[in-house]
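Shown below: final01.tsv, with TSV, C-alpha atoms.
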```
chain	number	residue	atom	x	y	z
A	121	ASP	CA	10.99	8.96	7.57
A	122	ILE	CA	11.09	9.90	3.89
A	123	GLN	CA	8.31	12.34	3.00
A	124	MET	CA	6.60	11.91	-0.36
A	125	THR	CA	4.96	14.99	-1.84
A	126	GLN	CA	2.57	14.64	-4.75
A	127	SER	CA	1.20	17.34	-6.99
A	128	PRO	CA	-1.34	18.33	-7.96
A	129	SER	CA	-3.75	17.06	-5.33
A	130	SER	CA	-6.42	16.88	-8.00
A	131	VAL	CA	-6.72	17.37	-11.73
A	132	SER	CA	-9.72	17.57	-14.04
A	133	ALA	CA	-9.41	16.04	-17.46
A	134	SER	CA	-11.49	14.64	-20.28
A	135	VAL	CA	-11.44	11.25	-21.92
A	136	GLY	CA	-8.59	11.25	-24.41
A	137	ASP	CA	-6.52	13.83	-22.52
A	138	SER	CA	-3.06	13.29	-21.11
A	139	VAL	CA	-2.24	13.79	-17.44
A	140	THR	CA	1.06	14.17	-15.60
A	141	ILE	CA	1.39	13.63	-11.85
A	142	THR	CA	4.58	14.43	-9.99
A	143	CYS	CA	6.02	12.97	-6.82
A	144	ARG	CA	8.98	14.33	-4.89
A	145	ALA	CA	10.87	12.48	-2.19
A	146	SER	CA	12.41	14.36	0.73
A	147	GLN	CA	15.70	12.55	0.07
A	148	GLY	CA	17.17	10.51	-2.75
A	149	ILE	CA	15.56	7.12	-3.26
A	150	SER	CA	17.29	6.06	-6.49
A	151	ASN	CA	14.51	4.40	-8.50
A	152	TRP	CA	12.78	2.75	-5.57
A	153	LEU	CA	9.38	4.19	-6.34
A	154	ALA	CA	6.00	2.66	-6.99
A	155	TRP	CA	2.72	4.08	-8.29
A	156	TYR	CA	-0.75	2.83	-7.40
A	157	GLN	CA	-4.27	3.45	-8.65
A	158	GLN	CA	-7.17	3.40	-6.23
A	159	LYS	CA	-10.87	3.53	-7.00
A	160	PRO	CA	-13.53	4.33	-4.38
A	161	GLY	CA	-14.13	1.48	-1.97
A	162	LYS	CA	-11.29	-0.61	-3.42
A	163	ALA	CA	-7.75	-1.38	-2.43
A	164	PRO	CA	-4.89	0.32	-4.24
A	165	GLN	CA	-3.56	-1.54	-7.25
A	166	LEU	CA	0.09	-1.55	-8.26
A	167	LEU	CA	0.69	0.18	-11.60
A	168	ILE	CA	4.43	0.77	-11.74
A	169	TYR	CA	7.44	-0.26	-9.70
A	170	ALA	CA	11.11	0.62	-9.91
A	171	ALA	CA	9.94	4.06	-11.09
A	172	SER	CA	9.27	2.97	-14.67
A	173	THR	CA	8.42	-0.75	-14.88
A	174	LEU	CA	4.79	-1.48	-15.66
A	175	HIS	CA	3.24	-4.16	-13.48
A	176	THR	CA	1.71	-7.13	-15.23
A	177	GLY	CA	-1.47	-6.26	-17.06
A	178	VAL	CA	-1.11	-2.48	-16.82
A	179	PRO	CA	-1.87	-0.83	-20.17
A	180	PRO	CA	0.98	1.00	-21.90
A	181	ARG	CA	-0.83	4.35	-21.77
A	182	PHE	CA	0.64	4.50	-18.25
A	183	SER	CA	4.31	5.35	-17.90
A	184	GLY	CA	6.62	6.39	-15.11
A	185	SER	CA	9.95	8.14	-15.03
A	186	GLY	CA	12.42	9.72	-12.69
A	187	SER	CA	15.22	8.92	-10.31
A	188	GLY	CA	16.64	10.37	-7.15
A	189	THR	CA	14.03	12.71	-5.73
A	190	ASP	CA	11.73	13.62	-8.64
A	191	PHE	CA	9.32	11.28	-10.37
A	192	THR	CA	6.41	11.49	-12.76
A	193	LEU	CA	3.46	9.34	-13.71
A	194	ASN	CA	2.07	10.00	-17.16
A	195	ILE	CA	-1.24	8.80	-18.48
A	196	VAL	CA	-1.92	9.38	-22.16
A	197	SER	CA	-5.28	9.10	-23.85
A	198	LEU	CA	-7.28	8.89	-20.60
A	199	GLN	CA	-9.93	6.21	-20.57
A	200	PRO	CA	-13.11	6.26	-18.44
A	201	GLU	CA	-11.65	3.58	-16.15
A	202	ASP	CA	-8.60	5.77	-15.41
A	203	PHE	CA	-10.55	8.28	-13.33
A	204	ALA	CA	-9.28	7.40	-9.87
A	205	THR	CA	-6.79	8.48	-7.22
A	206	TYR	CA	-3.10	7.81	-7.76
A	207	TYR	CA	-0.46	7.39	-5.06
A	208	CYS	CA	3.30	7.21	-5.11
A	209	GLN	CA	5.23	5.16	-2.55
A	210	GLN	CA	8.93	4.95	-1.76
A	211	ALA	CA	10.41	1.46	-1.46
A	212	TYR	CA	13.90	2.66	-0.54
A	213	SER	CA	13.80	2.54	3.24
A	214	PHE	CA	11.65	1.72	6.25
A	215	PRO	CA	9.09	2.82	7.11
A	216	ARG	CA	7.59	2.70	3.63
A	217	THR	CA	5.77	5.96	2.97
A	218	PHE	CA	3.16	7.17	0.52
A	219	GLY	CA	2.19	10.45	-1.06
A	220	ARG	CA	-1.19	11.95	-0.20
A	221	GLY	CA	-2.64	11.13	-3.56
A	222	THR	CA	-3.76	12.83	-6.77
A	223	LYS	CA	-7.39	12.54	-7.74
A	224	VAL	CA	-7.98	12.47	-11.49
A	225	GLU	CA	-11.51	13.69	-12.06
A	226	ILE	CA	-13.71	13.94	-15.11
A	227	LYS	CA	-13.93	17.47	-16.47
B	1164	GLN	CA	-3.81	-16.53	-8.51
B	1165	VAL	CA	-2.93	-15.47	-5.00
B	1166	GLN	CA	-5.70	-13.66	-3.13
B	1167	LEU	CA	-5.77	-12.09	0.30
B	1168	LYS	CA	-8.70	-11.49	2.60
B	1169	GLU	CA	-8.80	-9.67	5.92
B	1170	SER	CA	-11.06	-10.72	8.74
B	1171	GLY	CA	-11.77	-9.36	12.19
B	1172	PRO	CA	-14.04	-7.02	14.11
B	1173	GLY	CA	-15.40	-3.85	12.57
B	1174	LEU	CA	-15.85	-2.09	15.91
B	1175	VAL	CA	-13.43	-2.04	18.82
B	1176	LYS	CA	-13.51	-0.05	22.04
B	1177	PRO	CA	-10.82	2.45	23.01
B	1178	SER	CA	-7.92	0.97	25.00
B	1179	GLU	CA	-8.69	-2.53	23.70
B	1180	THR	CA	-6.65	-4.66	21.27
B	1181	LEU	CA	-7.46	-5.07	17.59
B	1182	SER	CA	-6.81	-8.52	16.15
B	1183	LEU	CA	-6.96	-8.97	12.39
B	1184	THR	CA	-6.17	-12.00	10.27
B	1185	CYS	CA	-5.25	-12.16	6.62
B	1186	THR	CA	-5.94	-15.44	4.82
B	1187	VAL	CA	-3.81	-16.24	1.78
B	1188	SER	CA	-5.49	-18.35	-0.90
B	1189	GLY	CA	-4.25	-19.59	-4.25
B	1190	GLY	CA	-0.69	-19.99	-3.01
B	1191	SER	CA	1.37	-20.62	0.09
B	1192	ILE	CA	2.70	-18.00	2.45
B	1193	GLY	CA	6.20	-19.02	1.50
B	1194	THR	CA	8.92	-16.43	1.85
B	1195	TYR	CA	7.34	-13.12	1.07
B	1196	TYR	CA	7.08	-9.94	3.08
B	1197	TRP	CA	3.50	-10.08	4.31
B	1198	THR	CA	2.50	-6.56	5.14
B	1199	TRP	CA	-0.19	-4.64	6.97
B	1200	LEU	CA	-1.17	-1.12	5.96
B	1201	ARG	CA	-4.01	1.16	6.85
B	1202	GLN	CA	-5.75	4.15	5.31
B	1203	SER	CA	-7.61	6.96	6.97
B	1204	PRO	CA	-8.70	10.40	5.77
B	1205	GLY	CA	-6.38	12.05	8.26
B	1206	LYS	CA	-3.18	10.09	7.71
B	1207	GLY	CA	-3.65	8.71	4.23
B	1208	LEU	CA	-1.98	5.40	3.42
B	1209	GLU	CA	0.22	4.23	6.28
B	1210	TRP	CA	2.60	1.26	6.37
B	1211	ILE	CA	2.27	-0.66	9.65
B	1212	GLY	CA	4.89	-3.35	9.13
B	1213	PHE	CA	5.65	-6.80	7.80
B	1214	ILE	CA	6.33	-10.35	8.83
B	1215	TYR	CA	8.75	-12.44	6.81
B	1216	ASP	CA	9.42	-16.14	6.96
B	1217	THR	CA	7.02	-16.45	9.94
B	1218	GLU	CA	9.33	-14.91	12.52
B	1219	ASN	CA	11.12	-11.86	11.16
B	1220	THR	CA	9.25	-8.62	11.64
B	1221	ASN	CA	9.72	-4.92	10.97
B	1222	TYR	CA	7.28	-2.40	12.36
B	1223	SER	CA	6.71	1.28	11.79
B	1224	PRO	CA	8.50	3.25	14.52
B	1225	SER	CA	5.32	5.22	15.18
B	1226	LEU	CA	3.40	2.03	16.01
B	1227	LYS	CA	6.14	-0.32	17.14
B	1228	SER	CA	5.28	-0.15	20.83
B	1229	ARG	CA	1.73	-1.34	20.16
B	1230	VAL	CA	2.08	-3.80	17.27
B	1231	THR	CA	2.68	-7.52	17.06
B	1232	MET	CA	2.53	-9.60	13.89
B	1233	SER	CA	2.53	-13.36	13.57
B	1234	ALA	CA	2.05	-16.01	10.91
B	1235	ASP	CA	0.59	-19.51	10.81
B	1236	THR	CA	1.88	-21.44	7.81
B	1237	SER	CA	-0.41	-24.41	8.53
B	1238	ARG	CA	-3.43	-22.15	8.04
B	1239	ASN	CA	-1.83	-19.92	5.41
B	1240	GLN	CA	-2.63	-16.90	7.53
B	1241	PHE	CA	-0.84	-13.98	9.09
B	1242	SER	CA	-2.15	-11.68	11.78
B	1243	LEU	CA	-1.93	-8.21	13.25
B	1244	ASN	CA	-2.44	-7.26	16.89
B	1245	LEU	CA	-2.65	-3.55	17.68
B	1246	ARG	CA	-2.93	-2.64	21.35
B	1247	ALA	CA	-4.16	0.37	23.31
B	1248	LEU	CA	-6.45	1.60	20.58
B	1249	THR	CA	-7.61	5.19	20.27
B	1250	ALA	CA	-9.91	6.92	17.83
B	1251	ALA	CA	-6.84	7.75	15.75
B	1252	ASP	CA	-6.58	4.06	14.86
B	1253	THR	CA	-9.91	4.16	13.04
B	1254	ALA	CA	-9.08	3.25	9.44
B	1255	VAL	CA	-9.43	0.74	6.66
B	1256	TYR	CA	-6.84	-1.96	7.31
B	1257	TYR	CA	-5.27	-3.82	4.40
B	1258	CYS	CA	-3.02	-6.83	4.19
B	1259	ALA	CA	-0.73	-6.94	1.20
B	1260	ARG	CA	2.21	-8.81	-0.30
B	1261	ASP	CA	5.62	-7.37	-0.95
B	1262	PRO	CA	6.86	-9.69	-3.68
B	1263	ASP	CA	10.50	-9.37	-2.68
B	1264	VAL	CA	12.69	-11.08	-5.28
B	1265	ALA	CA	9.76	-12.99	-6.81
B	1266	VAL	CA	9.22	-9.97	-9.02
B	1267	PRO	CA	12.66	-8.53	-9.86
B	1268	GLY	CA	12.80	-4.84	-9.05
B	1269	ALA	CA	9.45	-4.82	-7.26
B	1270	MET	CA	10.79	-5.40	-3.77
B	1271	GLY	CA	9.31	-2.87	-1.42
B	1272	SER	CA	6.14	-2.35	-3.42
B	1273	PHE	CA	2.86	-4.17	-2.86
B	1274	ASP	CA	1.59	-6.26	-5.75
B	1275	ILE	CA	-1.33	-8.03	-4.12
B	1276	TRP	CA	-3.79	-6.47	-1.68
B	1277	GLY	CA	-6.75	-7.68	0.31
B	1278	GLN	CA	-10.09	-5.95	-0.10
B	1279	GLY	CA	-9.62	-4.08	3.18
B	1280	ILE	CA	-11.59	-4.09	6.39
B	1281	MET	CA	-13.03	-0.97	8.01
B	1282	VAL	CA	-12.20	-0.76	11.71
B	1283	THR	CA	-13.83	1.83	13.92
B	1284	VAL	CA	-12.55	2.57	17.41
B	1285	SER	CA	-15.42	3.84	19.50
B	1286	SER	CA	-17.12	3.20	22.79
```
Would you write the structure of this file as structure tokens?
Amino acid sequence: DIQMTQSPSSVSASVGDSVTITCRASQGISNWLAWYQQKPGKAPQLLIYAASTLHTGVPPRFSGSGSGTDFTLNIVSLQPEDFATYYCQQAYSFPRTFGRGTKVEIK
Amino acid sequence: QVQLKESGPGLVKPSETLSLTCTVSGGSIGTYYWTWLRQSPGKGLEWIGFIYDTENTNYSPSLKSRVTMSADTSRNQFSLNLRALTAADTAVYYCARDPDVAVPGAMGSFDIWGQGIMVTVSS
């Protein structure tokens, strides 16, 4: 199985700040990477697929980059609704695997 | 728009079989990769497997010996059976859609999710 390692596990930020979350795959996955946002008691929601393509309706303050083993999710100008937990997921091989999540908290 | 909703028991006894159903509304099952996942504090988000075109399946190796998935196109539903339950199977179970080629480049990700159903394995 491909292991997905996210860092940091949590980050504190204020509204208007920028945040960067990293995800590392245990082997190369080209650009087969997705990012999700999850709020308490809700299902994850797809933000980005193919490492950098925003899903329909996702605001442009979210962006993704990377290829191979190292990926980043950037959020600029944090909004109150962005405080949530973010997960990366590899779509390169089976079984699909997820990172352990990064919780973006209000400072 | 397409919506998914899980249904099934919230409490199951150890050694028994969990049966969950996901109902697809707002669209037909068609040819997508209909997927089951689960989430627990201990294991995080875990992919269980998918069913495609009603008869093709792919299961996680760690669960393969205990999992069966099926689909009923007449009811627009797909189902998960997980046998020989233990406390480690306690989790929120989600059904989700892998859009495959319907969303170019998104194959392997999950663009639509059900609300989730909490399943507790306990006597």
Can you list, as a list in words, every protein, DNA or RNA residue that comes within 7 Å of B:Val1282 when you count only C-alpha atoms, leaving out same-chain residues fewer than 3 positions away?
Pro1172, Gly1173, Leu1174, Thr1253, Ala1254 and Val1255 of chain B
Enumerate as JSON, numbers by chain the residues belonging to chain B that approach chain A to within 8 Å, with all atoms listed in the file taken into account.
{"B": [1207, 1208, 1209, 1210, 1212, 1222, 1223, 1224, 1257, 1268, 1269, 1270, 1271, 1272, 1273, 1274, 1275, 1276, 1277, 1278, 1279]}
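Using all atoms listed in the file for every distance, the candidate list A:Ala133, A:Cys208, A:Val224, A:Val139 yields A:Val139 as the residue closest to A:Arg181.
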Calculate how many Å separate atom CA of B:Ile1280 from atom CA of A:Ser130, rounding to one decimal.
26.0 Å
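Counting all atoms listed in the file, A:Pro180 has the following residues at most 9 Å away, ignoring those fewer than 2 positions along the same chain: Leu174, Val178, Phe182, Ser183, Ile195 and Val196 of chain A.
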Quick one: distance from atom CA of A:Gly148 to atom CA of A:Ile122 in Å, one decimal?
9.0 Å
Gap from atom CA of B:Val1187 to atom CA of B:Asn1239 - Å, one decimal
5.5 Å
